[in-house]
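A.B. asks: Provided below: coords_3.cif, containing mmCIF, C-alpha atoms and all ligand atoms.
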```cif
data_data
loop_
_atom_site.label_atom_id
_atom_site.label_comp_id
_atom_site.auth_asym_id
_atom_site.auth_seq_id
_atom_site.Cartn_x
_atom_site.Cartn_y
_atom_site.Cartn_z
CA MET R 1 -18.56 16.01 -4.19
CA ASP R 2 -16.35 19.06 -4.55
CA LYS R 3 -14.47 19.13 -7.83
CA ILE R 4 -11.94 16.30 -8.03
CA LYS R 5 -8.49 17.87 -8.31
CA ALA R 6 -6.26 15.01 -7.15
CA CYS R 7 -6.23 11.23 -6.86
CA ILE R 8 -4.01 9.56 -4.27
CA PHE R 9 -3.11 5.91 -4.76
CA ASP R 10 -2.00 3.31 -2.29
CA LEU R 11 0.66 1.09 -3.87
CA ASP R 12 0.48 -2.49 -2.56
CA GLY R 13 -2.80 -4.07 -3.70
CA VAL R 14 -3.87 -1.09 -5.81
CA ILE R 15 -1.11 -0.64 -8.39
CA VAL R 16 0.77 -3.90 -7.89
CA ASP R 17 0.26 -7.14 -5.96
CA THR R 18 3.23 -7.08 -3.63
CA ALA R 19 1.20 -8.79 -0.87
CA LYS R 20 2.39 -12.15 -2.23
CA TYR R 21 6.03 -11.14 -1.76
CA HIS R 22 5.42 -9.75 1.73
CA TYR R 23 3.68 -13.06 2.52
CA LYS R 24 6.56 -15.21 1.26
CA ALA R 25 9.12 -13.18 3.21
CA TRP R 26 7.08 -13.21 6.46
CA LYS R 27 6.33 -16.93 6.04
CA GLU R 28 10.06 -17.70 5.92
CA ILE R 29 10.49 -15.80 9.19
CA ALA R 30 7.59 -17.76 10.76
CA GLN R 31 9.17 -21.03 9.56
CA LYS R 32 12.48 -20.09 11.18
CA LEU R 33 10.63 -19.31 14.41
CA LYS R 34 8.73 -22.61 13.97
CA PHE R 35 5.11 -21.59 13.71
CA GLU R 36 2.43 -21.64 11.03
CA PHE R 37 1.60 -18.40 9.17
CA THR R 38 -1.26 -18.66 6.69
CA GLU R 39 -2.44 -16.56 3.76
CA LYS R 40 -5.47 -15.62 5.86
CA ASP R 41 -3.16 -14.31 8.61
CA ASN R 42 -1.38 -12.28 5.93
CA GLU R 43 -4.60 -10.29 5.32
CA ARG R 44 -4.02 -8.65 8.70
CA LEU R 45 -0.69 -7.21 7.52
CA LYS R 46 -2.10 -5.31 4.52
CA GLY R 47 -1.56 -1.57 4.85
CA VAL R 48 0.23 -2.08 8.18
CA SER R 49 3.82 -0.82 8.64
CA ARG R 50 6.77 -3.23 8.76
CA MET R 51 7.28 -3.13 12.55
CA GLU R 52 3.54 -3.34 13.26
CA SER R 53 3.35 -6.29 10.86
CA LEU R 54 6.12 -8.00 12.82
CA ASP R 55 4.23 -7.45 16.08
CA ILE R 56 1.12 -9.06 14.56
CA LEU R 57 3.22 -11.96 13.22
CA LEU R 58 4.84 -12.56 16.61
CA SER R 59 1.47 -12.44 18.36
CA ILE R 60 0.22 -15.18 15.99
CA GLY R 61 3.26 -17.30 16.94
CA ASN R 62 2.90 -16.33 20.60
CA ILE R 63 6.55 -15.24 20.65
CA ASN R 64 8.15 -12.50 22.72
CA LEU R 65 11.37 -10.87 21.49
CA THR R 66 13.50 -7.94 22.63
CA GLN R 67 13.47 -4.71 20.63
CA GLN R 68 16.91 -5.54 19.22
CA GLU R 69 15.82 -9.03 18.12
CA LYS R 70 12.74 -7.53 16.50
CA GLU R 71 14.84 -5.04 14.55
CA GLU R 72 17.11 -7.83 13.32
CA ILE R 73 14.17 -9.92 12.16
CA ALA R 74 12.49 -6.94 10.45
CA GLU R 75 15.75 -6.35 8.59
CA GLN R 76 16.01 -10.02 7.55
CA LYS R 77 12.43 -9.90 6.28
CA ASN R 78 13.08 -6.70 4.36
CA ASN R 79 16.26 -8.07 2.76
CA ARG R 80 14.31 -11.09 1.52
CA TYR R 81 11.42 -8.88 0.34
CA LYS R 82 13.84 -6.65 -1.57
CA GLU R 83 15.16 -9.70 -3.48
CA PHE R 84 11.62 -10.16 -4.85
CA VAL R 85 11.23 -6.44 -5.51
CA TYR R 86 14.49 -6.18 -7.47
CA ASN R 87 13.12 -8.77 -9.92
CA MET R 88 9.82 -6.99 -10.50
CA LYS R 89 8.90 -6.02 -14.07
CA PRO R 90 6.35 -3.52 -15.52
CA ASP R 91 4.11 -6.45 -16.56
CA GLU R 92 3.29 -6.89 -12.85
CA ILE R 93 1.32 -3.61 -12.81
CA LEU R 94 -2.29 -4.57 -12.00
CA PRO R 95 -4.77 -4.40 -14.92
CA GLY R 96 -5.96 -0.89 -15.75
CA ALA R 97 -3.79 0.90 -13.17
CA LYS R 98 -1.40 2.62 -15.57
CA GLU R 99 -4.18 3.42 -18.07
CA PHE R 100 -6.41 4.99 -15.39
CA ILE R 101 -3.60 7.14 -13.99
CA GLU R 102 -2.69 8.31 -17.51
CA LEU R 103 -6.36 9.08 -18.20
CA ILE R 104 -6.87 11.30 -15.15
CA ARG R 105 -3.57 13.09 -15.78
CA SER R 106 -4.69 13.81 -19.34
CA VAL R 107 -7.66 15.80 -17.97
CA GLY R 108 -5.50 17.73 -15.49
CA ILE R 109 -6.12 15.76 -12.29
CA LEU R 110 -3.01 15.61 -10.11
CA THR R 111 -1.70 12.25 -8.87
CA ALA R 112 0.11 11.15 -5.74
CA LEU R 113 1.26 7.94 -4.15
CA GLY R 114 0.31 7.45 -0.50
CA SER R 115 1.89 4.24 0.74
CA ALA R 116 3.05 2.84 4.10
CA SER R 117 5.94 1.07 2.38
CA LYS R 118 9.52 2.24 2.75
CA ASN R 119 10.27 0.41 -0.51
CA ALA R 120 7.68 2.33 -2.56
CA GLU R 121 10.10 4.36 -4.68
CA ILE R 122 12.18 1.38 -5.75
CA ILE R 123 9.00 -0.50 -6.69
CA LEU R 124 7.73 2.44 -8.76
CA GLU R 125 11.13 2.63 -10.45
CA LYS R 126 11.03 -1.08 -11.34
CA LEU R 127 7.55 -0.56 -12.84
CA ASN R 128 8.63 2.61 -14.74
CA LEU R 129 5.85 4.56 -12.99
CA ILE R 130 7.77 7.40 -11.33
CA PRO R 131 6.84 9.96 -14.07
CA LEU R 132 3.12 9.32 -13.47
CA PHE R 133 3.14 10.85 -9.97
CA ASP R 134 3.23 14.53 -9.01
CA ALA R 135 4.03 13.60 -5.41
CA ILE R 136 5.30 10.45 -3.72
CA ILE R 137 4.65 10.09 0.01
CA ASP R 138 5.71 6.76 1.52
CA GLY R 139 6.73 5.13 4.78
CA ASN R 140 9.90 7.23 4.88
CA HIS R 141 7.92 10.49 5.04
CA VAL R 142 5.46 9.77 7.85
CA THR R 143 5.64 9.26 11.59
CA LYS R 144 2.14 7.83 12.01
CA THR R 145 0.88 4.92 9.96
CA LYS R 146 -2.60 4.20 8.53
CA PRO R 147 -5.35 4.40 9.87
CA ASN R 148 -3.82 7.75 10.83
CA PRO R 149 -4.46 10.13 7.88
CA GLU R 150 -0.94 11.65 7.87
CA VAL R 151 0.23 10.00 4.63
CA PHE R 152 -2.77 11.26 2.64
CA LEU R 153 -2.77 14.73 4.24
CA LYS R 154 0.92 15.12 3.37
CA ALA R 155 0.21 14.09 -0.22
CA ALA R 156 -2.60 16.69 -0.50
CA GLU R 157 -0.34 19.32 1.04
CA GLU R 158 2.45 18.59 -1.42
CA LEU R 159 -0.01 18.80 -4.32
CA LYS R 160 -1.45 22.01 -2.80
CA VAL R 161 -4.97 20.56 -3.04
CA SER R 162 -7.56 20.67 -0.27
CA PRO R 163 -8.48 17.22 1.18
CA ALA R 164 -12.12 17.75 0.10
CA ASN R 165 -10.92 17.74 -3.53
CA CYS R 166 -9.00 14.45 -3.20
CA VAL R 167 -10.01 10.85 -3.91
CA VAL R 168 -8.01 8.00 -2.36
CA PHE R 169 -7.74 4.48 -3.85
CA GLU R 170 -7.13 1.84 -1.17
CA ASP R 171 -7.27 -1.94 -0.73
CA ALA R 172 -6.76 -2.09 3.05
CA GLU R 173 -9.27 -1.43 5.81
CA ALA R 174 -6.74 0.76 7.66
CA GLY R 175 -6.23 2.73 4.44
CA VAL R 176 -9.95 3.38 3.93
CA GLU R 177 -10.16 4.57 7.53
CA ALA R 178 -7.16 6.87 6.97
CA ALA R 179 -8.74 8.38 3.83
CA LYS R 180 -12.02 9.07 5.61
CA ALA R 181 -10.18 10.56 8.60
CA ALA R 182 -8.36 12.85 6.14
CA GLY R 183 -11.75 14.14 4.91
CA MET R 184 -11.27 12.60 1.46
CA LYS R 185 -13.46 10.42 -0.75
CA CYS R 186 -12.32 6.83 -0.94
CA VAL R 187 -12.61 4.12 -3.56
CA GLY R 188 -12.03 0.69 -2.03
CA ILE R 189 -10.39 -1.96 -4.17
CA GLY R 190 -11.42 -5.44 -3.05
CA SER R 191 -14.09 -6.98 -0.89
CA LYS R 192 -17.26 -5.24 0.34
CA ASP R 193 -17.01 -7.04 3.70
CA ILE R 194 -13.63 -5.53 4.50
CA LEU R 195 -13.88 -2.10 2.84
CA LYS R 196 -17.44 -1.20 3.84
CA ASP R 197 -16.62 2.40 4.80
CA ALA R 198 -15.42 3.27 1.29
CA ASP R 199 -17.64 5.52 -0.86
CA LEU R 200 -17.42 3.05 -3.74
CA ILE R 201 -16.00 -0.47 -3.96
CA ILE R 202 -14.58 -1.95 -7.16
CA ASN R 203 -12.48 -5.01 -8.05
CA GLY R 204 -9.63 -3.14 -9.67
CA LEU R 205 -8.62 0.04 -11.47
CA ASP R 206 -9.62 -1.56 -14.79
CA LYS R 207 -13.20 -0.96 -13.57
CA MET R 208 -12.67 2.83 -13.24
CA ASP R 209 -13.35 5.56 -15.75
CA MET R 210 -14.09 9.31 -15.70
CA ASN R 211 -17.86 8.82 -15.47
CA ILE R 212 -17.55 6.65 -12.37
CA LEU R 213 -15.01 9.02 -10.83
CA CYS R 214 -17.43 11.93 -11.33
CA THR R 215 -20.22 10.15 -9.46
CA LEU R 216 -18.24 10.40 -6.20
C1 LIG R 301 2.21 -1.70 2.64
C2 LIG R 301 1.81 -3.16 2.67
C3 LIG R 301 2.12 -3.77 4.02
C4 LIG R 301 3.57 -3.52 4.38
C5 LIG R 301 3.85 -2.03 4.43
C6 LIG R 301 5.30 -1.70 4.77
O1 LIG R 301 1.30 -0.96 3.35
O2 LIG R 301 0.43 -3.31 2.40
O3 LIG R 301 1.85 -5.16 3.97
O4 LIG R 301 3.88 -4.10 5.64
O5 LIG R 301 3.53 -1.48 3.15
O6 LIG R 301 6.12 -2.10 3.73
P1 LIG R 301 7.71 -2.06 3.74
O7 LIG R 301 8.08 -2.20 2.30
O8 LIG R 301 8.13 -0.72 4.30
O9 LIG R 301 8.18 -3.17 4.61
MG MG R 302 -2.47 -1.59 0.09
#
```
Please re-express this file's structure in structure tokens.
C.D. replies:
Amino acid sequence: MDKIKACIFDLDGVIVDTAKYHYKAWKEIAQKLKFEFTEKDNERLKGVSRMESLDILLSIGNINLTQQEKEEIAEQKNNRYKEFVYNMKPDEILPGAKEFIELIRSVGILTALGSASKNAEIILEKLNLIPLFDAIIDGNHVTKTKPNPEVFLKAAEELKVSPANCVVFEDAEAGVEAAKAAGMKCVGIGSKDILKDADLIINGLDKMDMNILCTL
């Protein structure tokens, strides 16, 4: 590919496993509304914004709510989620994530976060990772969510790097689609069945090094 000048990382599922906290918080909402919400259902919420996640949840429970009710429930879910987030510690960083980001920075590659989450900054703060990013673009900075490429294009713009020189790391299908739509290379983290459009698929950032990055 063109020279790699920047790497853009999704947060949830790439740097830290927050999916388990999202799941717990959504499950409590489902329990209150009296329907079953499984871990398999939760897969559908990965990479999807909070309000879109709620719509998917409600469709699983076959429940119709007004816009105001939906906003109240989304707030309840987020308050519960934030309780988990406030207790997060740096030892929850996924294996190899910090080391890989430090490695690429040491050779002059720029780094950005590109996440759908509106809680991304507080999570990075809890993990002491803020200094490792040259740009942080999250759910508060975009109007269109993944698979729309806006979050990654904004990150590239802030880094002043052309999309063709960027590599995205993503664990969600919608995120891989967004990276490809942005004209970037994409490393999928997770299963080959779900992330088939990625240029390379690995189990985690502990499997990455400069040689592998340069093969993209
Ligand atoms: C990430 C997660 C999603 C979550 C979204 C919004 O993309 O993978 O599961 O719904 O962020 O998160 P937020 O913290 O804004 O509710
Ligand atoms: Mg993710």
A.B. asks: I'd like the neighbourhood of Arg50 in chain R as a list in words, where a residue qualifies if any of its atoms comes within 9 Å (using only C-alpha atoms), though same-chain residues fewer than 2 positions away should be ignored.
C.D. replies: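 Everything that qualifies: Leu45, Val48, Glu52, Ser53, Leu54, Asp55, Ala74, Asn78, Ala116, Ser117 and Lys118 of chain R.
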A.B. asks: Can you tell me which residues surround Ala120 in chain R at a distance of at most 12 Å, considering only C-alpha atoms, apart from same-chain residues fewer than 6 positions away, and format the answer as a list in words?
C.D. replies: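 Contacts, with the query itself left out: Phe9, Asp10, Leu11, Asp12, Ile15, Val16, Thr18, Lys82, Val85, Tyr86, Leu113, Gly114, Lys126, Leu127, Leu129, Ile130, Ile136, Ile137, Asp138, Gly139, Asn140 and His141 of chain R.
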A.B. asks: Give the answer as one residue: which of R:Asn62, R:Val14, R:Pro131, R:Ile29 has the shortest atom-to-atom distance to ligand MG 302 (chain R), using only C-alpha atoms and all ligand atoms?
C.D. replies: R:Val14
A.B. asks: Pick the closest to Lys144 in chain R from R:Ser115, R:Glu71, R:Met88, R:Lys192: which is it, counting only C-alpha atoms?
C.D. replies: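 Of the candidates, the smallest distance to Lys144 in chain R is held by R:Ser115.
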A.B. asks: Hey, what's within 7 Å of Ile109 in chain R if we count all atoms listed in the file and toss same-chain stuff fewer than 4 positions away? As a PyMOL selection string, please?
C.D. replies: chain R and resi 5-6+104-105
A.B. asks: Neighbouring residues of range 150-153 of chain R were defined as those with any atom within 12 Å, considering all atoms listed in the file; residues of the same chain fewer than 2 positions away were excluded. Please report them as a ChimeraX atom specification.
C.D. replies: /R:6-10,47,111-117,135-148,155-170,174-186
A.B. asks: Would you work out the distance separating CA of Ile201 in chain R from atom C5 of ligand LIG 301 (chain R), expressed in Å to one decimal?
C.D. replies: 21.6 Å
A.B. asks: Given all atoms listed in the file as the basis, pick out the residue of R:Met208, R:Val107, R:Ile93, R:Ile101 nearest to Ile123 in chain R.
C.D. replies: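 Checking each candidate against Ile123 in chain R, we get R:Ile93 as the closest.
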A.B. asks: Quick one: residues within 10 Å of Lys207 in chain R, only C-alpha atoms, excluding same-chain residues fewer than 2 positions away - as number ranges by chain?
C.D. replies: R: 95-97, 100, 189, 202-205, 209, 212
A.B. asks: With all atoms listed in the file as the atoms that count, which of R:Ile194, R:Ala172, R:Ala25, R:Leu213 lies nearest to ligand MG 302 (chain R)?
C.D. replies: R:Ala172
A.B. asks: Which protein, DNA or RNA residues are at most 12 Å from (3.4, -10.4, 17.6) in the file's coordinates when you count all atoms listed in the file, listed as a PyMOL selection string?
C.D. replies: chain R and resi 30+33+35+37+41+44-45+50-67+70
A.B. asks: Please, what distance in Å, to one decimal, runs between CA of Gln68 in chain R and atom P1 of ligand LIG 301 (chain R)?
C.D. replies: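 Result for CA of Gln68 in chain R versus atom P1 of ligand LIG 301 (chain R): 18.3 Å, one decimal.
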A.B. asks: For CA of Phe84 in chain R and atom MG of ligand MG 302 (chain R), quote the distance in Å rounded to one decimal.
C.D. replies: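 These atoms are spaced 17.2 Å apart.
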A.B. asks: Let me make sure I understand: among R:Asp171, R:Glu36, R:Glu28, R:Glu102, which one has the smallest atom-to-atom distance to ligand LIG 301 (chain R) if we use all atoms listed in the file?
C.D. replies: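 Of the candidates, the smallest distance to ligand LIG 301 (chain R) is held by R:Asp171.
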A.B. asks: Closest to Ile73 in chain R among R:Glu39, R:Asp193, R:Lys32, R:Pro90, using only C-alpha atoms?
C.D. replies: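 With only C-alpha atoms as the atom set, the closest residue is R:Lys32.
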